[in-house]
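**Student:** Have a peek at upload_5.txt (compact mmCIF, C-alpha atoms).
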# COMPACT_ATOMS: atom_id res chain seq x y z
CA MET A 2 0.00 0.00 0.00
CA ASP A 3 1.30 3.44 -0.93
CA LYS A 4 2.32 5.69 1.98
CA GLU A 5 -0.35 8.33 2.56
CA ILE A 6 0.65 11.88 1.69
CA SER A 7 1.45 13.99 4.73
CA VAL A 8 1.39 17.77 4.53
CA ALA A 9 2.24 20.73 6.74
CA VAL A 10 -0.40 23.37 5.99
CA ILE A 11 0.56 26.93 6.94
CA ALA A 12 -2.52 29.06 7.63
CA GLU A 13 -1.97 31.68 10.30
CA TYR A 14 -5.52 32.46 11.37
CA ILE A 15 -7.44 29.27 10.50
CA GLY A 16 -10.00 28.03 13.03
CA LYS A 17 -10.33 24.48 14.32
CA SER A 18 -13.94 23.95 13.26
CA PRO A 19 -16.28 24.91 10.40
CA GLU A 20 -18.01 27.38 12.73
CA GLU A 21 -14.95 29.64 12.84
CA VAL A 22 -15.06 32.19 10.05
CA ALA A 23 -11.39 33.20 9.61
CA TYR A 24 -9.79 31.24 6.75
CA SER A 25 -12.91 29.03 6.60
CA PHE A 26 -12.11 28.34 2.93
CA VAL A 27 -8.81 26.78 4.06
CA PHE A 28 -10.52 24.75 6.76
CA ASP A 29 -13.05 23.39 4.25
CA GLU A 30 -10.18 22.36 1.98
CA VAL A 31 -7.96 20.67 4.59
CA TYR A 32 -10.98 18.89 6.07
CA ARG A 33 -11.66 17.29 2.66
CA LEU A 34 -8.00 16.35 2.30
CA ALA A 35 -8.02 14.70 5.75
CA ARG A 36 -11.17 12.79 4.82
CA ARG A 37 -9.39 11.51 1.72
CA GLY A 38 -6.63 10.03 3.82
CA VAL A 39 -4.10 12.86 3.63
CA ASN A 40 -2.24 13.25 6.92
CA VAL A 41 -2.87 16.97 7.53
CA HIS A 42 -0.91 19.00 10.07
CA VAL A 43 -1.96 22.65 10.22
CA VAL A 44 0.55 25.05 11.73
CA ARG A 45 -1.12 28.24 12.93
CA GLY A 46 0.19 31.54 14.20
CA LYS A 47 -1.67 31.36 17.49
CA ILE A 48 -0.39 30.81 21.00
CA GLU A 49 -2.46 27.79 21.92
CA LYS A 50 -1.86 24.16 22.71
CA ASP A 51 -1.64 21.52 19.98
CA SER A 52 -4.83 19.56 19.34
CA ILE A 53 -6.67 17.32 16.91
CA SER A 54 -9.99 18.50 15.53
CA TYR A 55 -12.05 17.00 12.68
CA GLY A 56 -9.22 14.57 11.95
CA ILE A 57 -6.75 17.44 11.44
CA HIS A 58 -3.68 17.99 13.62
CA PHE A 59 -3.38 21.62 14.76
CA HIS A 60 -0.03 22.97 15.95
CA ASP A 61 0.36 26.40 17.47
CA ILE A 62 3.31 28.57 18.39
CA GLU A 63 5.00 27.03 21.42
CA LYS A 64 6.49 30.16 22.93
CA MET A 65 6.91 33.77 21.90
CA VAL A 66 10.53 34.06 23.00
CA ASP A 67 12.55 31.37 21.27
CA PRO A 68 16.35 31.53 20.75
CA GLN A 69 15.99 29.09 17.84
CA ALA A 70 13.92 31.68 15.99
CA LEU A 71 16.65 34.27 16.49
CA ASN A 72 19.27 31.82 15.18
CA MET A 73 17.08 31.12 12.19
CA LEU A 74 16.69 34.85 11.52
CA MET A 75 20.47 35.33 11.63
CA LYS A 76 20.93 32.46 9.16
CA ASN A 77 18.23 33.75 6.83
CA ILE A 78 19.09 37.45 6.87
CA MET A 79 21.01 37.25 3.56
CA PHE A 80 18.13 35.35 2.04
CA TYR A 81 15.75 38.32 2.33
CA PRO A 82 15.56 40.87 -0.50
CA PRO A 83 17.49 43.91 0.87
CA ILE A 84 14.53 46.28 0.77
CA SER A 85 12.36 43.83 2.71
CA LEU A 86 14.75 44.16 5.64
CA LEU A 87 13.56 47.74 6.03
CA ARG A 88 10.56 46.58 8.00
CA ASN A 89 9.74 46.41 11.67
CA PRO A 90 12.24 43.87 13.13
CA ILE A 91 9.36 42.25 15.03
CA TYR A 92 7.91 41.14 11.69
CA LEU A 93 11.22 39.53 10.74
CA TYR A 94 11.41 37.77 14.10
CA TRP A 95 7.79 36.57 13.84
CA GLU A 96 8.33 35.16 10.33
CA ASN A 97 11.29 33.14 11.58
CA LEU A 98 9.60 32.09 14.82
CA TYR A 99 6.65 30.80 12.78
CA ALA A 100 8.99 29.08 10.28
CA SER A 101 10.94 27.49 13.13
CA ASN A 102 7.70 26.00 14.46
CA VAL A 103 6.75 24.73 10.99
CA SER A 104 10.18 23.09 10.65
CA LYS A 105 9.82 21.38 14.04
CA VAL A 106 6.43 19.94 13.06
CA ILE A 107 7.78 18.73 9.70
CA GLU A 108 10.73 17.01 11.35
CA LYS A 109 8.75 15.52 14.25
CA TYR A 110 6.08 13.97 11.99
CA ASP A 111 8.32 13.39 8.95
CA LEU A 112 5.91 15.28 6.66
CA ASP A 113 6.23 15.13 2.87
CA LEU A 114 5.46 18.66 1.79
CA ILE A 115 4.60 22.19 2.83
CA HIS A 116 1.41 23.92 1.66
CA ALA A 117 1.16 27.63 2.46
CA HIS A 118 -2.00 29.70 1.99
CA PHE A 119 -1.22 33.23 0.71
CA ALA A 120 2.18 34.09 -0.75
CA TYR A 121 2.76 36.44 2.19
CA ARG A 122 3.02 35.83 5.13
CA GLU A 123 2.47 32.10 5.07
CA GLY A 124 4.31 31.59 1.76
CA LEU A 125 7.40 33.31 3.11
CA VAL A 126 7.21 31.25 6.31
CA GLY A 127 6.95 28.13 4.14
CA LEU A 128 9.95 29.19 2.13
CA LEU A 129 12.02 29.76 5.27
CA ALA A 130 10.96 26.31 6.51
CA LYS A 131 11.80 24.80 3.13
CA THR A 132 15.37 26.08 3.25
CA GLY A 133 15.96 24.07 6.44
CA THR A 134 13.86 20.96 5.83
CA LYS A 135 14.35 20.66 2.03
CA LYS A 136 10.68 19.71 1.66
CA PRO A 137 8.76 20.83 -1.45
CA LEU A 138 6.74 24.03 -1.04
CA ILE A 139 3.29 24.60 -2.56
CA VAL A 140 1.78 28.07 -2.29
CA THR A 141 -1.88 28.90 -2.88
CA CYS A 142 -2.48 32.50 -3.97
CA HIS A 143 -5.89 33.79 -2.94
CA GLY A 144 -6.05 37.36 -4.20
CA TYR A 145 -4.73 39.98 -1.80
CA ASP A 146 -1.24 38.56 -2.28
CA ILE A 147 -1.30 38.94 -6.09
CA ASN A 148 -3.92 41.50 -7.13
CA THR A 149 -3.37 45.20 -6.69
CA VAL A 150 -5.81 48.10 -6.90
CA PRO A 151 -3.79 51.28 -6.28
CA GLU A 152 -6.91 53.52 -6.31
CA VAL A 153 -8.19 51.92 -3.11
CA GLY A 154 -4.88 50.77 -1.62
CA TYR A 155 -5.72 47.07 -2.12
CA GLY A 156 -3.01 44.42 -2.38
CA ILE A 157 0.14 43.68 -0.43
CA ARG A 158 2.31 44.07 -3.53
CA LEU A 159 1.60 47.80 -3.63
CA ARG A 160 4.48 48.07 -1.17
CA LYS A 161 7.84 47.33 -2.78
CA ARG A 162 9.10 45.60 0.39
CA TYR A 163 6.32 43.05 0.18
CA ASP A 164 6.27 42.86 -3.61
CA ASP A 165 9.87 41.65 -3.49
CA LEU A 166 8.99 39.06 -0.84
CA VAL A 167 6.03 37.76 -2.85
CA ARG A 168 8.22 37.46 -5.97
CA LEU A 169 10.89 35.62 -3.96
CA VAL A 170 8.29 33.15 -2.63
CA LEU A 171 6.74 32.50 -6.04
CA LYS A 172 10.14 32.07 -7.68
CA ASN A 173 11.26 29.50 -5.11
CA ALA A 174 7.98 27.62 -4.61
CA ASP A 175 7.86 24.17 -6.20
CA ALA A 176 4.21 24.62 -7.19
CA ILE A 177 1.78 27.53 -7.15
CA ILE A 178 -1.97 27.15 -6.99
CA CYS A 179 -4.15 30.03 -8.19
CA VAL A 180 -7.88 30.31 -7.53
CA SER A 181 -8.64 31.53 -11.07
CA ASN A 182 -7.15 31.54 -14.56
CA ASP A 183 -6.89 35.30 -14.42
CA MET A 184 -4.74 35.07 -11.31
CA LYS A 185 -2.60 32.42 -12.99
CA ASN A 186 -1.96 34.86 -15.84
CA LYS A 187 -0.92 37.53 -13.34
CA VAL A 188 1.50 35.09 -11.69
CA LEU A 189 2.95 34.17 -15.09
CA LYS A 190 3.46 37.88 -15.82
CA LEU A 191 5.78 37.96 -12.80
CA GLY A 192 8.10 35.65 -14.74
CA ILE A 193 7.09 32.40 -13.06
CA ASN A 194 7.54 29.12 -14.96
CA LYS A 195 4.09 28.07 -16.21
CA GLU A 196 4.85 24.37 -15.62
CA LYS A 197 4.54 24.86 -11.89
CA VAL A 198 1.33 26.94 -11.85
CA PHE A 199 -2.01 25.16 -11.32
CA VAL A 200 -5.57 26.45 -11.08
CA VAL A 201 -7.84 25.13 -8.33
CA LEU A 202 -11.00 27.22 -7.99
CA ASN A 203 -12.77 28.35 -4.84
CA GLY A 204 -15.24 25.81 -3.53
CA VAL A 205 -18.48 25.25 -1.65
CA ASP A 206 -19.70 22.68 0.83
CA ILE A 207 -22.83 21.47 -0.95
CA ASN A 208 -23.94 19.52 2.10
CA LEU A 209 -24.16 22.70 4.16
CA PHE A 210 -25.21 25.12 1.42
CA ARG A 211 -28.17 23.35 -0.11
CA PRO A 212 -31.86 23.84 -0.68
CA PRO A 213 -34.54 23.68 0.52
CA LEU A 214 -33.87 27.03 2.04
CA LYS A 215 -36.00 26.19 5.03
CA LYS A 216 -38.89 27.83 3.14
CA GLU A 217 -42.17 27.35 4.95
CA SER A 218 -40.27 26.06 7.97
CA ASP A 219 -40.75 27.39 11.47
CA THR A 220 -37.24 28.82 11.41
CA LEU A 221 -37.93 30.87 8.31
CA ASN A 222 -41.25 32.13 9.61
CA GLU A 223 -39.62 32.99 12.90
CA VAL A 224 -36.77 34.84 11.19
CA ARG A 225 -39.16 36.65 8.88
CA SER A 226 -41.39 37.77 11.72
CA ARG A 227 -38.37 38.91 13.72
CA PHE A 228 -37.49 41.33 10.91
CA GLY A 229 -41.09 42.26 10.11
CA ILE A 230 -40.86 40.66 6.66
CA ASN A 231 -44.15 39.58 5.10
CA GLU A 232 -44.54 36.34 3.18
CA ASP A 233 -44.73 38.14 -0.19
CA ASP A 234 -41.85 40.54 0.42
CA PHE A 235 -38.89 40.26 -1.94
CA VAL A 236 -35.63 40.16 0.01
CA ILE A 237 -32.25 41.14 -1.41
CA LEU A 238 -28.88 40.13 0.01
CA ASN A 239 -25.60 41.95 -0.43
CA ALA A 240 -22.76 40.30 1.46
CA ARG A 241 -19.76 42.61 1.19
CA HIS A 242 -17.63 45.00 3.17
CA LEU A 243 -19.01 48.53 3.13
CA ARG A 244 -16.46 49.81 0.63
CA ARG A 245 -17.13 52.01 -2.35
CA ILE A 246 -15.69 49.52 -4.86
CA TYR A 247 -18.51 47.11 -4.08
CA GLY A 248 -21.16 49.46 -5.49
CA ILE A 249 -23.49 49.18 -2.53
CA GLU A 250 -24.94 52.63 -3.23
CA TYR A 251 -26.27 51.28 -6.54
CA ILE A 252 -28.38 48.75 -4.64
CA ILE A 253 -29.77 51.46 -2.39
CA TYR A 254 -30.70 53.65 -5.39
CA ALA A 255 -32.02 50.61 -7.27
CA ALA A 256 -34.16 49.46 -4.34
CA LYS A 257 -35.89 52.85 -4.29
CA MET A 258 -36.42 52.75 -8.05
CA VAL A 259 -37.75 49.17 -8.02
CA THR A 260 -40.14 50.05 -5.20
CA GLU A 261 -41.47 53.01 -7.22
CA GLN A 262 -41.85 50.83 -10.32
CA VAL A 263 -43.80 48.19 -8.39
CA LYS A 264 -46.06 50.83 -6.82
CA LYS A 265 -46.69 52.35 -10.27
CA LYS A 266 -47.52 48.94 -11.71
CA GLN A 267 -49.88 48.17 -8.83
CA SER A 268 -51.70 51.49 -9.23
CA LEU A 269 -52.18 50.84 -12.96
CA SER A 270 -53.57 47.35 -12.51
CA MET B 4 -37.82 50.10 1.32
CA ASN B 5 -36.37 48.52 4.46
CA TYR B 6 -32.74 47.65 4.87
CA GLU B 7 -30.44 46.42 7.60
CA ILE B 8 -26.65 46.49 7.80
CA THR B 9 -25.96 43.46 9.96
CA GLY B 10 -22.19 43.77 10.42
CA PHE B 11 -20.40 40.56 11.29
CA ILE B 12 -22.64 37.63 12.15
CA GLU B 13 -21.75 34.10 13.25
CA ARG B 14 -21.86 31.35 10.67
CA GLU B 15 -24.91 29.59 12.08
CA ARG B 16 -26.86 32.86 12.18
CA ALA B 17 -25.60 33.72 8.69
CA LEU B 18 -27.12 30.51 7.33
CA GLU B 19 -30.40 31.46 8.98
CA TYR B 20 -30.26 34.86 7.27
CA LEU B 21 -29.43 33.25 3.96
CA SER B 22 -32.65 31.29 4.07
CA LEU B 23 -34.51 34.62 3.80
CA PHE B 24 -33.14 35.87 0.54
CA ASP B 25 -34.71 35.86 -2.90
CA THR B 26 -31.65 37.18 -4.71
CA LEU B 27 -27.99 38.10 -4.14
CA VAL B 28 -27.03 41.47 -5.67
CA LEU B 29 -23.34 42.38 -6.14
CA PRO B 30 -22.91 45.41 -8.42
CA SER B 31 -19.16 45.78 -7.79
CA TYR B 32 -16.87 48.09 -9.72
CA ARG B 33 -14.60 46.48 -12.30
CA ILE B 34 -11.20 46.22 -10.61
CA SER B 35 -8.53 43.54 -10.82
CA THR B 36 -9.77 41.61 -7.81
CA THR B 37 -13.47 41.56 -8.77
CA GLU B 38 -12.59 40.78 -12.38
CA SER B 39 -10.44 37.78 -11.54
CA ASN B 40 -12.19 35.59 -8.94
CA ILE B 41 -15.51 33.81 -8.74
CA LEU B 42 -16.39 34.76 -5.20
CA ILE B 43 -17.16 32.03 -2.69
CA LYS B 44 -20.40 33.86 -1.79
CA VAL B 45 -21.56 33.53 -5.42
CA ILE B 46 -20.85 29.79 -5.44
CA GLU B 47 -22.65 29.44 -2.11
CA ALA B 48 -25.66 31.31 -3.51
CA TRP B 49 -25.72 28.96 -6.51
CA ALA B 50 -25.61 26.00 -4.13
CA LEU B 51 -28.51 27.45 -2.14
CA GLY B 52 -30.59 28.12 -5.23
CA ILE B 53 -30.47 31.90 -4.75
CA PRO B 54 -30.37 33.75 -8.11
CA VAL B 55 -27.36 36.03 -8.41
CA ILE B 56 -27.30 39.52 -9.96
CA ILE B 57 -23.73 40.65 -10.49
CA THR B 58 -21.58 42.99 -12.57
CA LYS B 59 -20.53 41.34 -15.83
CA HIS B 60 -17.00 40.59 -14.66
CA ARG B 61 -14.45 39.06 -17.01
CA VAL B 62 -14.07 35.93 -14.88
CA PHE B 63 -17.72 34.96 -15.44
CA LEU B 64 -17.49 35.47 -19.19
CA ASN B 65 -14.27 33.41 -19.30
CA SER B 66 -16.02 30.69 -17.31
CA LYS B 67 -18.93 30.73 -19.79
CA ILE B 68 -21.50 31.69 -17.14
CA LYS B 69 -24.55 32.65 -19.22
CA ASP B 70 -26.74 35.69 -18.77
CA TYR B 71 -30.43 34.83 -18.12
CA GLU B 72 -29.43 31.16 -17.81
CA ASP B 73 -27.03 30.88 -14.88
CA ILE B 74 -26.98 34.44 -13.60
CA ILE B 75 -28.27 37.96 -14.31
CA TYR B 76 -25.59 40.41 -15.29
CA CYS B 77 -25.81 44.09 -14.50
CA GLU B 78 -23.60 47.13 -14.79
CA PRO B 79 -22.39 49.04 -11.73
CA ASP B 80 -25.13 51.60 -12.24
CA PRO B 81 -28.47 52.09 -10.42
CA ASN B 82 -30.61 51.85 -13.60
CA SER B 83 -29.00 48.60 -14.64
CA VAL B 84 -29.32 47.13 -11.12
CA THR B 85 -32.98 48.24 -11.01
CA LYS B 86 -33.67 46.53 -14.33
CA ALA B 87 -32.03 43.29 -13.18
CA ILE B 88 -33.94 43.23 -9.88
CA ALA B 89 -37.21 44.03 -11.64
CA ILE B 90 -36.66 41.16 -14.08
CA ILE B 91 -35.94 38.65 -11.32
CA LEU B 92 -38.85 39.99 -9.28
CA ALA B 93 -41.35 39.74 -12.11
CA ASN B 94 -40.31 36.56 -13.84
CA GLU B 95 -40.96 33.44 -11.79
CA SER B 96 -39.97 30.98 -14.53
CA LEU B 97 -36.65 32.77 -15.12
CA ARG B 98 -36.01 32.66 -11.38
CA ARG B 99 -36.63 28.91 -11.32
CA LYS B 100 -34.40 28.33 -14.35
CA ILE B 101 -31.51 30.29 -12.79
CA GLN B 102 -32.00 28.48 -9.49
CA ALA B 103 -31.86 25.07 -11.20
CA ASN B 104 -28.79 25.97 -13.28
CA GLY B 105 -27.07 27.45 -10.24
CA LEU B 106 -27.48 24.17 -8.37
CA LYS B 107 -25.81 22.33 -11.26
CA LEU B 108 -22.99 24.87 -11.40
CA ALA B 109 -22.37 24.62 -7.65
CA LYS B 110 -21.72 20.88 -7.94
CA GLN B 111 -18.69 21.66 -10.10
CA PHE B 112 -17.28 23.64 -7.18
CA ASP B 113 -17.93 21.04 -4.50
CA TYR B 114 -15.00 20.84 -2.07
CA ASP B 115 -14.64 17.12 -2.75
CA LYS B 116 -13.84 17.98 -6.36
CA ILE B 117 -11.57 20.81 -5.24
CA ALA B 118 -9.71 18.34 -2.98
CA GLU B 119 -9.28 15.98 -5.94
CA ARG B 120 -7.68 18.76 -8.01
CA LEU B 121 -5.50 19.74 -5.10
CA LEU B 122 -4.27 16.19 -4.62
CA LYS B 123 -3.46 16.05 -8.33
CA ALA B 124 -1.35 19.20 -7.90
CA PHE B 125 0.37 17.63 -4.86
CA GLU B 126 1.17 14.48 -6.81
CA ASP B 127 2.42 16.37 -9.88
Can I see the file as structure tokens?

**Tutor:**
Amino acid sequence: MDKEISVAVIAEYIGKSPEEVAYSFVFDEVYRLARRGVNVHVVRGKIEKDSISYGIHFHDIEKMVDPQALNMLMKNIMFYPPISLLRNPIYLYWENLYASNVSKVIEKYDLDLIHAHFAYREGLVGLLAKTGTKKPLIVTCHGYDINTVPEVGYGIRLRKRYDDLVRLVLKNADAIICVSNDMKNKVLKLGINKEKVFVVLNGVDINLFRPPLKKESDTLNEVRSRFGINEDDFVILNARHLRRIYGIEYIIYAAKMVTEQVKKKQSLS
Amino acid sequence: MNYEITGFIERERALEYLSLFDTLVLPSYRISTTESNILIKVIEAWALGIPVIITKHRVFLNSKIKDYEDIIYCEPDPNSVTKAIAIILANESLRRKIQANGLKLAKQFDYDKIAERLLKAFED
């Protein structure tokens, strides 16, 4: 029987259950991998005790003050792009502390590969861990690490210090996963070898997100009555941050206009 | 017109809210991030059978997501959003068609399939 794949997943803020919102898209992914027999060890950037949840091993930062992390930083200092060293030294320490913990987990459990979510910070942490452990590094790019929108200050690569770090990570990763073809094209434009770039789209848990939408159920009636919504009312959802780029004002204007149209139609009939 | 800005809500409560909605409306500007990703919330709406009204972003066209079949496209403009909402509001059969097609689309994005693709990338 083939040895099962074992992977160190680097996801700084991931929760330990589907109820936790931060990095839920990563949780959903690693949960499926664990169910398929992959030996998944998630290394987080939290100060908590190690645990197993949903068949996934969670490892947290052991201690904030760690001489090994300082040693690692000293060893890696030449590895950093020069401009990226012009950052708060605490960030440099944290990256190496996190990488030191990832390396320990890889060595303790003899893991096969490293999978980091986001090119920065997790990708950089994975790269630092790769230099010590010699394990292959896979980086998934999710958006903020690749895309830039200067008009609204979106994207980590807007800052040269981080742009250089992201380029370093992508150049040295053994495989890069992008969540869309468009993002893949952007990664290729950074001079990355196309042979190592894969597209794996965002996903959905169709067991959780499925109809019937509790229509006619007590829960729906209860929720509707709580908000004073009548049975025939048409309800619109917009799930976004309240930022201008999301065009929320158009919905507000449109809602008024639709309401007027409906009233006009009703008065004519 | 009534509206509520909920702020952050827990996942369980969010699912309860989701059960209320007749349509998801996302008239975002065209910027690199909105043009390049199919948002998880859109895939979740498809899976729930909630018709989606969204700006005609490049990523949807590249993915061959069809107007009036899988989704309703709009422009980031109040008149265009009004027209799209009015169409969904008035046309029950269109709503049902988009709901049914959305459910089929969502299956392509099921995490089990995503995990398969990921494992393939690991093995390669």

**Student:** Taking (-33.0, 35.9, 4.5) in the file's coordinates, which residues come within 12 Å, counting all atoms listed in the file, written as a ChimeraX atom specification?

**Tutor:** /A:214-216,220-232,234-240 /B:6-7,9,16-27,48,51,53

**Student:** Do me a favour and pick out the residues of chain A within 6 Å of chain B, using only C-alpha atoms, as a PyMOL selection string.

**Tutor:** chain A and resi 20+34+148+181+183+204-206+210-212+214+236-239+246-248+251+254-255+259

**Student:** State, in Å with one decimal place, the distance from CA of Ser104 in chain A to CA of Leu171 in chain A.

**Tutor:** 19.5 Å

**Student:** Counting only C-alpha atoms, figure out which residue out of A:Leu169, A:Ala117, A:Ile48, A:Val188 gets nearest to Ile147 in chain A.

**Tutor:**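 The answer is A:Val188, which sits nearest to Ile147 in chain A.
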
**Student:** Let me make sure I understand: among A:Ala130, A:Met79, A:Val153, A:Met65, which one has the smallest atom-to-atom distance to Arg244 in chain A if we use all atoms listed in the file?

**Tutor:** A:Val153

**Student:** Could you jot down the CA of Ile78 in chain A to CA of Ile177 in chain A separation for me, Å, one decimal place?

**Tutor:** 24.4 Å

**Student:** Distance CA of Phe199 in chain A-CA of His60 in chain B, one decimal place?

**Tutor:** 21.8 Å
